[in-house]
Amino acid sequence: MSHALSEAFWPHRAACTLACVLRIAHELVEAMVAHARADHPDEACGLIAGPEGTGEPKRHIPMINAARSTTFYEFDSEEWKQVYDQMWDNDEEVVVAYHSHTHTEAYPSRSDAGIASQLGLPGAHYVLVTTKDPDVAEVRAFRIADEVITEEPIEVTGAPEAVQSYKFAHTPDSTVYDCS
Amino acid sequence: MSVQVRIPTILRTHTGGQKLVTGEGDSLAKLFDSLDAQHAGLKGRVVTDEGTLHRFVNVYINDEDVRFIGGLDAALADGDQVTILPAVAGGM
């Protein structure tokens, strides 16, 4: 589907439902990784909001993992309501919903996909950060709809010449150091 | 009695794209019945066939998560605002 046709079907959003590209500032990736490291060995979770209709990630919102678990995460319902109220008042939408895996790869689990498909965040990029390696976190991005997981590339902007704290990987067999 | 309801993006297919709709009812259960009459299919996304809230949906009356104030039996007053949100959760 061409970009123009995609916009005709989804007039409120330039983002597409099939694989797209997550274009994101280096600082926001660093912020997600730092949050995942800080909460390790528990799973960390959060959002990046952006102006409604733009699909541009702008504002990092680390969330409490109400499950406080090494294997599960869930937004705290009271905090989620407060954050949603702010986004509503600012005309923002969820552009990225992220969480960490602390012992497994950065790929959506069965429950990640199942819950996101029941009542999820359409249009959001689901970002996974794994902190299983103590030195370099791996970051991957996906669309999740109807229990179908579609990986999409991450294009980082404003990156410094050398990045030590994270890498991007599109499959476990082909690691791509986008920021080298 | 009129209650405003904020609709999350994923359910706006049931409301013709509207973010904010208005319903009637003095309890949450009655509100969802009234909403479903105008926006077919909306209730089924939030309420199970057994008549309870789906596990991974959050519903608030003003700032209160309704799970702590009676669930679908929670009382509504004129001017209350109801918010429906997806619960954001998962696990390995």
# chains A, B, ... in the order shown; residues from 1 in each chain; ligands from 1
call {"tool": "closest_atom_pairs", "arguments": {"of": "chain A", "to": "chain B", "cutoff": "10 Å", "atoms": "only C-alpha atoms", "output": "tab-separated table"}}
result
residue	atom	partner	partner_atom	distance
A:His12	CA	B:Gly17	CA	9.4
A:Glu43	CA	B:Gly91	CA	8.4
A:Cys45	CA	B:Ala89	CA	8.8
A:Gly46	CA	B:Val88	CA	9.4
A:Asn65	CA	B:Ala89	CA	9.0
A:Ala66	CA	B:Ala89	CA	9.5
A:Ala67	CA	B:Ala89	CA	9.1
A:Ser69	CA	B:Gly91	CA	9.0
A:Thr70	CA	B:Gly91	CA	8.7
A:Thr71	CA	B:Gly91	CA	5.3
A:Phe72	CA	B:Gly91	CA	3.8
A:Tyr73	CA	B:Ala89	CA	5.3
A:Glu74	CA	B:Ala89	CA	4.1
A:Phe75	CA	B:Val88	CA	5.6
A:Asp76	CA	B:Ala87	CA	8.8
A:Ser77	CA	B:Asp65	CA	7.1
A:Glu78	CA	B:Asp65	CA	7.1
A:Trp80	CA	B:Leu85	CA	8.6
A:Lys81	CA	B:Asp63	CA	7.2
A:Gln82	CA	B:Asp63	CA	8.1
A:Tyr84	CA	B:Leu85	CA	8.6
A:Asp85	CA	B:Thr83	CA	9.6
A:Trp88	CA	B:Arg6	CA	9.6
A:Glu93	CA	B:Thr9	CA	9.0
A:Val94	CA	B:Thr9	CA	9.8
A:Ala97	CA	B:Val88	CA	8.5
A:Tyr98	CA	B:Val88	CA	9.9
A:His99	CA	B:Gly90	CA	8.7
A:Ser100	CA	B:Gly91	CA	9.2
A:His101	CA	B:Met92	CA	6.9
A:Thr102	CA	B:Met92	CA	9.0
A:His103	CA	B:Met92	CA	8.7
A:Thr104	CA	B:Met92	CA	7.4
A:Glu105	CA	B:Met92	CA	9.3
A:Ala106	CA	B:Met92	CA	9.8
A:Tyr107	CA	B:Met92	CA	9.0
A:Pro108	CA	B:Met92	CA	7.6
A:Ser109	CA	B:Met92	CA	5.1
A:Arg110	CA	B:Met92	CA	7.5
A:Ser111	CA	B:Gly90	CA	5.4
A:Asp112	CA	B:Gly90	CA	4.3
A:Ala113	CA	B:Gly90	CA	7.8
A:Gly114	CA	B:Gly90	CA	8.3
A:Ile115	CA	B:Gly90	CA	6.6
A:Ala116	CA	B:Val88	CA	7.4
A:Ser117	CA	B:Ile10	CA	10.0
A:Gln118	CA	B:Phe56	CA	7.8
A:Leu119	CA	B:Pro86	CA	5.5
A:Gly120	CA	B:Pro86	CA	5.8
A:Leu121	CA	B:Ile10	CA	6.4
A:Pro122	CA	B:Ile10	CA	5.9
A:Gly123	CA	B:Thr9	CA	8.9
call {"tool": "select_by_dssp", "arguments": {"residues": "chain A", "states": "strand (DSSP E or B)", "output": "PyMOL selection string"}}
result
chain A and resi 22-25+45-51+59-63+65+72-75+92-101+125-130+137-145+148-152+154-157+166-171+174-176
call {"tool": "residues_around", "arguments": {"residues": "Phe32 of chain B", "least_positions_apart": "4", "cutoff": "12 Å", "atoms": "only C-alpha atoms", "output": "ChimeraX atom specification"}}
result
/B:3-5,21-28,36-48,51-53,59,72-74,76,82,84
call {"tool": "write_last_selection", "arguments": {"atoms": "C-alpha atoms", "output": "PDB file, in the first residue's frame"}}
result
ATOM      1  CA  VAL B   3     -22.552  11.427  31.691  1.00  0.00           C
ATOM      2  CA  GLN B   4     -19.610  12.175  29.427  1.00  0.00           C
ATOM      3  CA  VAL B   5     -17.481   9.213  28.409  1.00  0.00           C
ATOM      4  CA  VAL B  21     -19.589  10.685  23.786  1.00  0.00           C
ATOM      5  CA  THR B  22     -22.546  11.172  26.109  1.00  0.00           C
ATOM      6  CA  GLY B  23     -24.617   8.461  27.758  1.00  0.00           C
ATOM      7  CA  GLU B  24     -27.340   8.057  30.369  1.00  0.00           C
ATOM      8  CA  GLY B  25     -27.766   5.944  33.481  1.00  0.00           C
ATOM      9  CA  ASP B  26     -27.475   6.055  37.264  1.00  0.00           C
ATOM     10  CA  SER B  27     -25.036   3.139  37.321  1.00  0.00           C
ATOM     11  CA  LEU B  28     -22.127   2.093  35.165  1.00  0.00           C
ATOM     12  CA  ASP B  36     -24.428   0.352  23.244  1.00  0.00           C
ATOM     13  CA  ALA B  37     -27.776   1.545  21.862  1.00  0.00           C
ATOM     14  CA  GLN B  38     -25.984   4.432  20.125  1.00  0.00           C
ATOM     15  CA  HIS B  39     -22.605   2.816  19.494  1.00  0.00           C
ATOM     16  CA  ALA B  40     -23.122  -0.826  18.613  1.00  0.00           C
ATOM     17  CA  GLY B  41     -20.504  -3.213  19.920  1.00  0.00           C
ATOM     18  CA  LEU B  42     -18.952  -0.819  22.409  1.00  0.00           C
ATOM     19  CA  LYS B  43     -20.329  -2.572  25.499  1.00  0.00           C
ATOM     20  CA  GLY B  44     -19.033  -5.961  24.379  1.00  0.00           C
ATOM     21  CA  ARG B  45     -15.470  -4.647  24.290  1.00  0.00           C
ATOM     22  CA  VAL B  46     -15.667  -3.572  27.929  1.00  0.00           C
ATOM     23  CA  VAL B  47     -18.176  -5.939  29.583  1.00  0.00           C
ATOM     24  CA  THR B  48     -17.981  -9.750  29.387  1.00  0.00           C
ATOM     25  CA  GLY B  51     -21.618  -9.218  33.055  1.00  0.00           C
ATOM     26  CA  THR B  52     -18.264  -8.263  34.540  1.00  0.00           C
ATOM     27  CA  LEU B  53     -15.579  -5.892  33.345  1.00  0.00           C
ATOM     28  CA  VAL B  59     -12.836   2.175  33.684  1.00  0.00           C
ATOM     29  CA  LEU B  72     -20.484  -2.132  37.068  1.00  0.00           C
ATOM     30  CA  ASP B  73     -22.744  -1.420  40.074  1.00  0.00           C
ATOM     31  CA  ALA B  74     -20.886   1.840  40.778  1.00  0.00           C
ATOM     32  CA  LEU B  76     -23.202   7.702  38.592  1.00  0.00           C
ATOM     33  CA  VAL B  82     -16.252   8.272  32.753  1.00  0.00           C
ATOM     34  CA  ILE B  84     -12.227   3.956  29.455  1.00  0.00           C
TER      35      ILE B  84
END
call {"tool": "atom_distance", "arguments": {"atom1": "atom CA of Val21 of chain A", "atom2": "atom CA of Ala141 of chain A"}}
result
8.7 Å
